[in-house]
Amino acid sequence: MKLRGQISIEFPAEDYFAIADHKKRLEDILSYIRNSYPEATLALRERRERRALSLSHPPPRAATGALNPYAQD
């Protein structure tokens, strides 16, 4: 059985110099972690805020309460 441990760190980065500084810090931490877990990796991804969806009209009602006519055979 394999498990995956994940540590998430969110940080603001104004420019590429700030990104490089944060990446260097994380690589230093990663080298410490690799003493115990040699297969550990580092992945940096840009995180964008989700925009709220604007609904043009309200969603249709799920049910009216009326019964559907069924034919008997």
# chains A, B, ... in the order shown; residues from 1 in each chain; ligands from 1

$ residues_around --residues "region 24-35 of chain A" --least-positions-apart "6" --cutoff "12 Å" --atoms "only C-alpha atoms" --output "list in words"
Gly5, Ile7, Ser8, Ile9, Glu10, Phe11, Phe17, Ala18, Thr41, Leu42, Ala43 and Leu44 of chain A

$ write_last_selection --atoms "C-alpha atoms" --output "mmCIF file, in the first residue's frame"
data_model
loop_
_atom_site.group_PDB
_atom_site.id
_atom_site.type_symbol
_atom_site.label_atom_id
_atom_site.label_comp_id
_atom_site.auth_asym_id
_atom_site.auth_seq_id
_atom_site.Cartn_x
_atom_site.Cartn_y
_atom_site.Cartn_z
ATOM 1 C CA GLY A 5 1.411 13.013 2.392
ATOM 2 C CA ILE A 7 1.764 19.879 2.825
ATOM 3 C CA SER A 8 0.106 22.973 1.343
ATOM 4 C CA ILE A 9 1.584 26.437 1.749
ATOM 5 C CA GLU A 10 -0.003 29.484 0.141
ATOM 6 C CA PHE A 11 2.056 32.648 -0.114
ATOM 7 C CA PHE A 17 12.147 37.583 -7.540
ATOM 8 C CA ALA A 18 9.686 36.859 -4.721
ATOM 9 C CA THR A 41 9.147 16.185 -4.551
ATOM 10 C CA LEU A 42 8.280 19.862 -4.774
ATOM 11 C CA ALA A 43 5.663 21.321 -7.124
ATOM 12 C CA LEU A 44 4.750 25.002 -7.319
#

$ select_by_dssp --residues "chain A" --states "alpha helix (DSSP H)" --output "number ranges by chain"
A: 16-34

$ atom_distance --atom1 "CA of Arg4 (chain A)" --atom2 "CA of Lys23 (chain A)"
21.3 Å

$ atom_distance --atom1 "CA of Arg51 (chain A)" --atom2 "CA of Glu14 (chain A)"
20.6 Å

$ atom_distance --atom1 "CA of Ala20 (chain A)" --atom2 "CA of Ala40 (chain A)"
19.7 Å

$ decode --residues "chain A" --atoms "C-alpha atoms" --output "mmCIF file, in the first residue's frame"
data_model
loop_
_atom_site.group_PDB
_atom_site.id
_atom_site.type_symbol
_atom_site.label_atom_id
_atom_site.label_comp_id
_atom_site.auth_asym_id
_atom_site.auth_seq_id
_atom_site.Cartn_x
_atom_site.Cartn_y
_atom_site.Cartn_z
ATOM 1 C CA MET A 1 0.000 0.000 0.000
ATOM 2 C CA LYS A 2 1.208 3.504 -0.780
ATOM 3 C CA LEU A 3 0.096 6.720 0.834
ATOM 4 C CA ARG A 4 0.732 10.312 -0.167
ATOM 5 C CA GLY A 5 1.411 13.013 2.392
ATOM 6 C CA GLN A 6 0.835 16.558 1.244
ATOM 7 C CA ILE A 7 1.764 19.879 2.825
ATOM 8 C CA SER A 8 0.106 22.973 1.343
ATOM 9 C CA ILE A 9 1.584 26.437 1.749
ATOM 10 C CA GLU A 10 -0.003 29.484 0.141
ATOM 11 C CA PHE A 11 2.056 32.648 -0.114
ATOM 12 C CA PRO A 12 1.752 35.914 -2.012
ATOM 13 C CA ALA A 13 4.331 36.558 -4.709
ATOM 14 C CA GLU A 14 4.471 39.996 -6.279
ATOM 15 C CA ASP A 15 7.094 39.210 -8.913
ATOM 16 C CA TYR A 16 9.543 36.586 -10.141
ATOM 17 C CA PHE A 17 12.147 37.583 -7.540
ATOM 18 C CA ALA A 18 9.686 36.859 -4.721
ATOM 19 C CA ILE A 19 8.772 33.541 -6.340
ATOM 20 C CA ALA A 20 12.457 32.578 -6.582
ATOM 21 C CA ASP A 21 12.966 33.469 -2.914
ATOM 22 C CA HIS A 22 10.013 31.350 -1.789
ATOM 23 C CA LYS A 23 11.118 28.476 -4.020
ATOM 24 C CA LYS A 24 14.622 28.553 -2.513
ATOM 25 C CA ARG A 25 13.174 28.425 1.014
ATOM 26 C CA LEU A 26 10.940 25.493 0.094
ATOM 27 C CA GLU A 27 13.835 23.629 -1.525
ATOM 28 C CA ASP A 28 15.829 24.055 1.704
ATOM 29 C CA ILE A 29 12.933 22.556 3.669
ATOM 30 C CA LEU A 30 12.595 19.793 1.070
ATOM 31 C CA SER A 31 16.237 18.799 1.473
ATOM 32 C CA TYR A 32 15.596 18.292 5.192
ATOM 33 C CA ILE A 33 12.504 16.168 4.423
ATOM 34 C CA ARG A 34 14.437 14.097 1.881
ATOM 35 C CA ASN A 35 16.691 12.824 4.685
ATOM 36 C CA SER A 36 13.724 10.716 5.806
ATOM 37 C CA TYR A 37 11.788 10.474 2.525
ATOM 38 C CA PRO A 38 14.195 10.463 -0.453
ATOM 39 C CA GLU A 39 11.373 10.305 -3.010
ATOM 40 C CA ALA A 40 9.822 13.609 -1.812
ATOM 41 C CA THR A 41 9.147 16.185 -4.551
ATOM 42 C CA LEU A 42 8.280 19.862 -4.774
ATOM 43 C CA ALA A 43 5.663 21.321 -7.124
ATOM 44 C CA LEU A 44 4.750 25.002 -7.319
ATOM 45 C CA ARG A 45 1.476 25.999 -8.951
ATOM 46 C CA GLU A 46 -0.220 29.314 -9.447
ATOM 47 C CA ARG A 47 -3.451 29.563 -7.528
ATOM 48 C CA ARG A 48 -6.118 31.803 -8.969
ATOM 49 C CA GLU A 49 -9.182 32.978 -7.139
ATOM 50 C CA ARG A 50 -12.445 31.591 -8.426
ATOM 51 C CA ARG A 51 -14.970 34.118 -9.641
ATOM 52 C CA ALA A 52 -18.536 33.874 -8.459
ATOM 53 C CA LEU A 53 -20.879 32.620 -11.144
ATOM 54 C CA SER A 54 -23.660 35.001 -12.071
ATOM 55 C CA LEU A 55 -26.950 33.286 -12.701
ATOM 56 C CA SER A 56 -29.020 34.938 -15.417
ATOM 57 C CA HIS A 57 -32.245 33.434 -14.066
ATOM 58 C CA PRO A 58 -33.157 31.257 -11.108
ATOM 59 C CA PRO A 59 -32.795 27.502 -11.611
ATOM 60 C CA PRO A 60 -35.992 25.604 -12.495
ATOM 61 C CA ARG A 61 -37.916 23.966 -9.707
ATOM 62 C CA ALA A 62 -37.007 20.354 -9.135
ATOM 63 C CA ALA A 63 -40.577 19.111 -8.690
ATOM 64 C CA THR A 64 -44.095 20.536 -8.962
ATOM 65 C CA GLY A 65 -45.806 17.942 -6.828
ATOM 66 C CA ALA A 66 -48.126 16.972 -9.683
ATOM 67 C CA LEU A 67 -48.374 13.319 -10.631
ATOM 68 C CA ASN A 68 -47.415 12.181 -14.109
ATOM 69 C CA PRO A 69 -50.104 10.260 -16.033
ATOM 70 C CA TYR A 70 -49.130 6.631 -16.622
ATOM 71 C CA ALA A 71 -50.832 4.235 -19.065
ATOM 72 C CA GLN A 72 -51.730 0.781 -17.775
ATOM 73 C CA ASP A 73 -51.223 -2.218 -20.034
#
